[in-house]
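Structure first, commentary second.
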Amino acid sequence: MSKPTLAVVGATGAVGTVMLDILSGRPDVWGEIRLIASPRSAGKVLRVRGEDVVVRALSPEAFDGVDVAMFDVPDEVSAEWAPVAAARGAVAVDNSGAFRMDPQVPLVVPECNAEAVRERPKNIIANPNCTTLSMMAVLGTLHGRYGLRELVAASYQAVSGAGAAGAERLYDEVAALAGDRTVGTVAGDVRKTVPDLADSPFPAPIAFNVVPWAGSLKEDGWASEELKVRNESRKILGIPDLKVSATCVRVPVITTHSVAVHATFAEPVTVAEARDVLSAAPTVVVLDDPAAGVYPTPADVVGTDPTYVGRIRQALDFPNTLEMFVCGDNLRKGAALNTAEIAELVAAELAG
């Protein structure tokens, strides 16, 4: 059987660009790789797997002959076009939030629920939010052994999670503040020095600051990102009554989300056992020697594929509970890489 045809929708965007890099380094399971973007990007030439490929305009006909279509586009674009691709015979793997909580669409992290890709009545598979994904390989591994019961998470989210505008904003603010060694010592001085916040994707200065907000306002003061962590963790792990509370914070880091995790399990677990179990997980890297200054940081892991975990401790006042610090590149495992891994599961199924 010939290799399946893959389409990458949103190939010219931030995540799409990372996706092409990832595809160039992954196992060669695809025949044709078709690049699709908005009409204004049609005709551009991008490089994937060492070959120049001309970008096609998004249209129903662009999906003819496609077996798997990966969507790295905004929610509203996916909501319109993923069903079109599915109707044309492709399996749509969507990185947006358009279908994540649809009960007829599996929400997949291969380390946790790879078997769910086969249960897709709409021929659509969803990729989780980048914050949820940052910790899911770790939590899924531990849940399989000890049974996760409660999760409290505080995220430290990179500005690239807000798109290219987020990274540009941080660079602009750093440029405005650089060289002034007095700034940040008086209330409001950072806000007065940075460019007009009306042009920022963030509600407060992000340089020299942290912003306890990510997403849109939901009921009772919750941010949308916080509710995504709760709802998506439950669905991925298959624990509909999992107790979850999250606080999402934007930090002045370009790329790589971090999460402080407080996880309670049904079964007793020691730190040594957790390290052994996590070290055996193929996509998890344990960096956990505080005495030697060894623990994961965004600056040290950005641009790589694994999920990194350190600062593993037994909670002092909570039985069967571990405290951990987890890092993962939000554009790779947090978006493009997980999408590619889902697509590869489908390719293996089609090859049958």
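Within each chain, counting starts at residue 1; across the structure tokens, chains are named A, B, ... in the order shown, with ligands numbered 1 upward in that order.
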For region 302-314 of chain A, please output as a PDB file with N, CA and C atoms, in the first residue's frame all residues within 6 Å (counting only C-alpha atoms; exclusion window: fewer than 3 positions along the same chain).
```pdb
ATOM      1  N   THR A 256       8.047  27.966  25.888  1.00  0.00           N
ATOM      2  CA  THR A 256       8.072  26.848  26.838  1.00  0.00           C
ATOM      3  C   THR A 256       7.258  27.205  28.071  1.00  0.00           C
ATOM      4  N   THR A 283       8.930   9.555  26.633  1.00  0.00           N
ATOM      5  CA  THR A 283       8.884  10.972  26.239  1.00  0.00           C
ATOM      6  C   THR A 283       9.055  11.913  27.420  1.00  0.00           C
ATOM      7  N   VAL A 284       9.472  11.376  28.565  1.00  0.00           N
ATOM      8  CA  VAL A 284       9.682  12.190  29.768  1.00  0.00           C
ATOM      9  C   VAL A 284      11.152  12.162  30.140  1.00  0.00           C
ATOM     10  N   VAL A 285      11.692  13.330  30.493  1.00  0.00           N
ATOM     11  CA  VAL A 285      13.062  13.433  30.979  1.00  0.00           C
ATOM     12  C   VAL A 285      13.011  13.950  32.409  1.00  0.00           C
ATOM     13  N   VAL A 286      13.616  13.207  33.333  1.00  0.00           N
ATOM     14  CA  VAL A 286      13.670  13.607  34.736  1.00  0.00           C
ATOM     15  C   VAL A 286      14.958  14.384  34.982  1.00  0.00           C
ATOM     16  N   LEU A 287      14.818  15.617  35.403  1.00  0.00           N
ATOM     17  CA  LEU A 287      15.954  16.460  35.803  1.00  0.00           C
ATOM     18  C   LEU A 287      15.702  16.863  37.255  1.00  0.00           C
ATOM     19  N   ASP A 288      16.251  16.118  38.183  1.00  0.00           N
ATOM     20  CA  ASP A 288      15.827  16.278  39.570  1.00  0.00           C
ATOM     21  C   ASP A 288      16.976  16.027  40.545  1.00  0.00           C
ATOM     22  N   TYR A 295      17.344  21.033  37.624  1.00  0.00           N
ATOM     23  CA  TYR A 295      15.891  21.008  37.509  1.00  0.00           C
ATOM     24  C   TYR A 295      15.542  21.674  36.189  1.00  0.00           C
ATOM     25  N   PRO A 298      12.618  26.734  31.417  1.00  0.00           N
ATOM     26  CA  PRO A 298      12.273  26.969  30.010  1.00  0.00           C
ATOM     27  C   PRO A 298      13.475  27.271  29.131  1.00  0.00           C
ATOM     28  N   ALA A 299      14.411  28.053  29.631  1.00  0.00           N
ATOM     29  CA  ALA A 299      15.559  28.435  28.814  1.00  0.00           C
ATOM     30  C   ALA A 299      16.427  27.241  28.441  1.00  0.00           C
ATOM     31  N   LEU A 322       2.243  14.249  45.431  1.00  0.00           N
ATOM     32  CA  LEU A 322       3.545  14.689  44.948  1.00  0.00           C
ATOM     33  C   LEU A 322       3.475  16.129  44.473  1.00  0.00           C
ATOM     34  N   GLU A 323       4.547  16.863  44.726  1.00  0.00           N
ATOM     35  CA  GLU A 323       4.753  18.197  44.163  1.00  0.00           C
ATOM     36  C   GLU A 323       5.823  18.074  43.079  1.00  0.00           C
ATOM     37  N   MET A 324       5.584  18.702  41.924  1.00  0.00           N
ATOM     38  CA  MET A 324       6.519  18.586  40.797  1.00  0.00           C
ATOM     39  C   MET A 324       6.547  19.889  40.010  1.00  0.00           C
ATOM     40  N   PHE A 325       7.632  20.102  39.282  1.00  0.00           N
ATOM     41  CA  PHE A 325       7.734  21.227  38.351  1.00  0.00           C
ATOM     42  C   PHE A 325       7.989  20.643  36.967  1.00  0.00           C
ATOM     43  N   VAL A 326       7.108  20.988  36.027  1.00  0.00           N
ATOM     44  CA  VAL A 326       7.126  20.384  34.691  1.00  0.00           C
ATOM     45  C   VAL A 326       7.330  21.473  33.645  1.00  0.00           C
ATOM     46  N   CYS A 327       8.133  21.201  32.630  1.00  0.00           N
ATOM     47  CA  CYS A 327       8.352  22.125  31.507  1.00  0.00           C
ATOM     48  C   CYS A 327       8.155  21.393  30.183  1.00  0.00           C
ATOM     49  N   GLY A 328       7.556  22.103  29.216  1.00  0.00           N
ATOM     50  CA  GLY A 328       7.416  21.556  27.873  1.00  0.00           C
ATOM     51  C   GLY A 328       7.286  22.673  26.863  1.00  0.00           C
ATOM     52  N   ASP A 329       7.945  22.531  25.733  1.00  0.00           N
ATOM     53  CA  ASP A 329       7.877  23.541  24.674  1.00  0.00           C
ATOM     54  C   ASP A 329       6.440  23.627  24.158  1.00  0.00           C
ATOM     55  N   LYS A 333       5.753  19.968  21.727  1.00  0.00           N
ATOM     56  CA  LYS A 333       4.846  19.001  22.351  1.00  0.00           C
ATOM     57  C   LYS A 333       3.512  19.659  22.694  1.00  0.00           C
TER      58      LYS A 333
END
```
Non-local contacts of region 76-80 of chain A (12 Å; only C-alpha atoms; under 4 positions in same chain excluded) as a list in words: Val9, Gly10, Ala37, Ser38, Leu58, Ser59, Pro60, Ala69, Met70, Phe71, Asp72, Val84, Ala85, Ala86, Ala87, Ala92, Val93, Asp94, Asn95, Ser96, Gly97, Ala98, Phe99, Arg100, Asp102, Ile124, Ile125, Ala126 and Asn127 of chain A
So which residues of region 87-254 of chain A fall under alpha helix (DSSP H) by DSSP, listed as a compact mmCIF listing (two decimals) with C-alpha atoms, in the first residue's frame?
```txt
# COMPACT_ATOMS: atom_id res chain seq x y z
CA ALA A 87 -16.45 15.12 4.40
CA PRO A 110 -0.62 9.42 22.62
CA GLU A 111 1.17 8.73 25.91
CA CYS A 112 -2.19 8.64 27.71
CA ASN A 113 -5.00 7.47 25.40
CA CYS A 130 -0.76 23.65 25.24
CA THR A 131 -0.95 24.16 29.02
CA THR A 132 -2.72 20.85 29.56
CA LEU A 133 -0.24 19.14 27.26
CA SER A 134 2.74 20.51 29.15
CA MET A 135 2.06 18.14 32.05
CA MET A 136 0.01 15.34 30.52
CA ALA A 137 2.84 12.91 29.72
CA VAL A 138 3.94 13.09 33.36
CA LEU A 139 0.45 12.85 34.84
CA GLY A 140 -0.64 10.10 32.47
CA THR A 141 2.39 8.00 33.37
CA LEU A 142 1.80 8.38 37.11
CA HIS A 143 -1.96 7.90 36.79
CA GLY A 144 -1.45 4.57 35.07
CA ARG A 145 0.45 3.30 38.10
CA TYR A 146 -1.05 5.11 41.10
CA ALA A 164 3.49 35.74 17.24
CA ALA A 165 2.12 39.00 18.66
CA GLY A 166 2.93 37.78 22.16
CA ALA A 167 6.60 37.25 21.41
CA GLU A 168 6.88 40.55 19.54
CA ARG A 169 5.29 42.37 22.44
CA LEU A 170 7.79 40.98 24.96
CA TYR A 171 10.73 41.89 22.74
CA ASP A 172 9.35 45.42 22.28
CA GLU A 173 8.86 45.92 26.00
CA VAL A 174 12.34 44.60 26.83
CA ALA A 175 13.80 47.03 24.27
CA ALA A 176 11.89 49.92 25.87
CA LEU A 177 13.09 49.01 29.38
CA ASP A 189 7.00 52.91 36.29
CA VAL A 190 7.12 49.81 34.05
CA ARG A 191 3.61 50.48 32.79
CA LYS A 192 4.56 54.10 31.94
CA THR A 193 7.71 53.06 30.07
CA SER A 224 -10.69 30.16 29.96
CA GLU A 225 -7.20 28.62 30.13
CA GLU A 226 -7.87 27.48 33.70
CA LEU A 227 -11.10 25.76 32.76
CA LYS A 228 -9.38 24.09 29.81
CA VAL A 229 -6.87 22.49 32.20
CA ARG A 230 -9.74 21.11 34.28
CA ASN A 231 -12.01 19.90 31.50
CA GLU A 232 -9.33 18.56 29.18
CA SER A 233 -7.43 16.70 31.91
CA ARG A 234 -10.63 14.89 32.84
CA LYS A 235 -11.36 13.89 29.26
CA ILE A 236 -7.83 12.80 28.31
CA LEU A 237 -7.25 10.72 31.43
```
Shortest interatomic distance to Ala343 (chain A) - which of A:Val117, A:Ala187, A:Ala223, A:Ala274, counting only C-alpha atoms: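 Checking each candidate against Ala343 (chain A), we get A:Val117 as the closest.
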Residue among A:Asn209, A:Thr12, A:Asn330, A:Thr185 lying closest to Arg40 (chain A), counting only C-alpha atoms: A:Thr12
Arg149 (chain A) environment, 9 Å, only C-alpha atoms, sequence neighbours closer than 5 positions dropped, as a PyMOL selection string: chain A and resi 143+239+241-244+263-266
Interatomic distance, CA of Ser41 (chain A) to CA of Lys122 (chain A) (Å, one decimal): 28.6 Å
Selection near region 30-32 of chain A, 8 Å with only C-alpha atoms, sequence-local residues under 3 positions removed, as a list in words: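 With the cut-off at 8 Å, the set is Ser2, Lys3, Pro4, Thr5, Leu6 and Ala347 of chain A.
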Write the selection just made, keeping N, CA, C and O atoms, as a PDB file, in the first residue's frame?
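New file again-v3.pdb:
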```pdb
ATOM      1  N   SER A   2       0.500   2.242  -0.802  1.00  0.00           N
ATOM      2  CA  SER A   2       1.283   3.474  -0.852  1.00  0.00           C
ATOM      3  C   SER A   2       1.116   4.256   0.445  1.00  0.00           C
ATOM      4  O   SER A   2       0.142   4.100   1.180  1.00  0.00           O
ATOM      5  N   LYS A   3       2.069   5.115   0.702  1.00  0.00           N
ATOM      6  CA  LYS A   3       2.014   5.910   1.917  1.00  0.00           C
ATOM      7  C   LYS A   3       0.886   6.929   1.834  1.00  0.00           C
ATOM      8  O   LYS A   3       0.605   7.470   0.753  1.00  0.00           O
ATOM      9  N   PRO A   4       0.223   7.239   2.969  1.00  0.00           N
ATOM     10  CA  PRO A   4      -0.901   8.179   2.942  1.00  0.00           C
ATOM     11  C   PRO A   4      -0.451   9.602   2.648  1.00  0.00           C
ATOM     12  O   PRO A   4       0.701   9.985   2.883  1.00  0.00           O
ATOM     13  N   THR A   5      -1.395  10.382   2.137  1.00  0.00           N
ATOM     14  CA  THR A   5      -1.150  11.798   1.845  1.00  0.00           C
ATOM     15  C   THR A   5      -1.551  12.642   3.048  1.00  0.00           C
ATOM     16  O   THR A   5      -2.626  12.469   3.619  1.00  0.00           O
ATOM     17  N   LEU A   6      -0.679  13.564   3.409  1.00  0.00           N
ATOM     18  CA  LEU A   6      -0.897  14.447   4.558  1.00  0.00           C
ATOM     19  C   LEU A   6      -1.066  15.873   4.077  1.00  0.00           C
ATOM     20  O   LEU A   6      -0.325  16.342   3.207  1.00  0.00           O
ATOM     21  N   ALA A 347      -1.947   7.261  10.532  1.00  0.00           N
ATOM     22  CA  ALA A 347      -1.235   6.703   9.377  1.00  0.00           C
ATOM     23  C   ALA A 347      -0.960   5.217   9.565  1.00  0.00           C
ATOM     24  O   ALA A 347      -1.117   4.417   8.632  1.00  0.00           O
TER      25      ALA A 347
END
```
Minimum-distance residue to Ile254 (chain A), chosen among A:Ser160, A:Asp276, A:Pro201, A:Gly293 (using only C-alpha atoms): A:Ser160
Of the listed residues A:Val186, A:Leu217, A:Leu331, A:Val259, that which approaches Val159 (chain A) most closely, counting only C-alpha atoms: A:Leu331
Using only C-alpha atoms: which of A:His257, A:Lys44, A:Arg181, A:His262 has the shortest distance to Asn129 (chain A):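 Ranking A:His257, A:Lys44, A:Arg181, A:His262 by distance to Asn129 (chain A), first place goes to A:His257.
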d(CA of Ser155 (chain A), CA of Cys248 (chain A)) in Å: 4.7 Å
Strand (DSSP E or B) per DSSP on the backbone: members of region 114-241 of chain A, as an MDAnalysis selection string: chainID A and resid 124:126 148:157 211 217 223
All residues 7 Å or closer to Ala7 (chain A), only C-alpha atoms, same chain fewer than 4 positions away omitted, as a list in words: Ile33, Arg34, Leu35, Ile36, Val66, Val68, Ala69 and Met70 of chain A
Near-Val54 (chain A) list (8 Å; only C-alpha atoms; drop same-chain fewer than 2 positions) as an NGL selection string: :A and (35 or 42-46 or 52 or 56)
Can you write out the residues you just picked, keeping C-alpha atoms, as a CSV table (one decimal), in the first residue's frame?
```csv
chain,number,residue,atom,x,y,z
A,35,LEU,CA,0.7,22.6,2.4
A,42,ALA,CA,-1.0,30.7,-1.6
A,43,GLY,CA,1.9,30.5,-4.0
A,44,LYS,CA,4.5,30.8,-1.3
A,45,VAL,CA,7.2,28.2,-1.4
A,46,LEU,CA,8.1,26.4,1.9
A,52,ASP,CA,10.3,22.9,-1.8
A,56,ARG,CA,-2.1,25.9,-1.9
```
Gap from CA of Ser24 (chain A) to CA of Arg118 (chain A) - Å, one decimal: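 Separation between CA of Ser24 (chain A) and CA of Arg118 (chain A): 25.7 Å.
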For Asn320 (chain A), the nearest of the candidates A:Glu267, A:Asp180, A:Asp21, A:Glu115, counting only C-alpha atoms: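 Checking each candidate against Asn320 (chain A), we get A:Glu267 as the closest.
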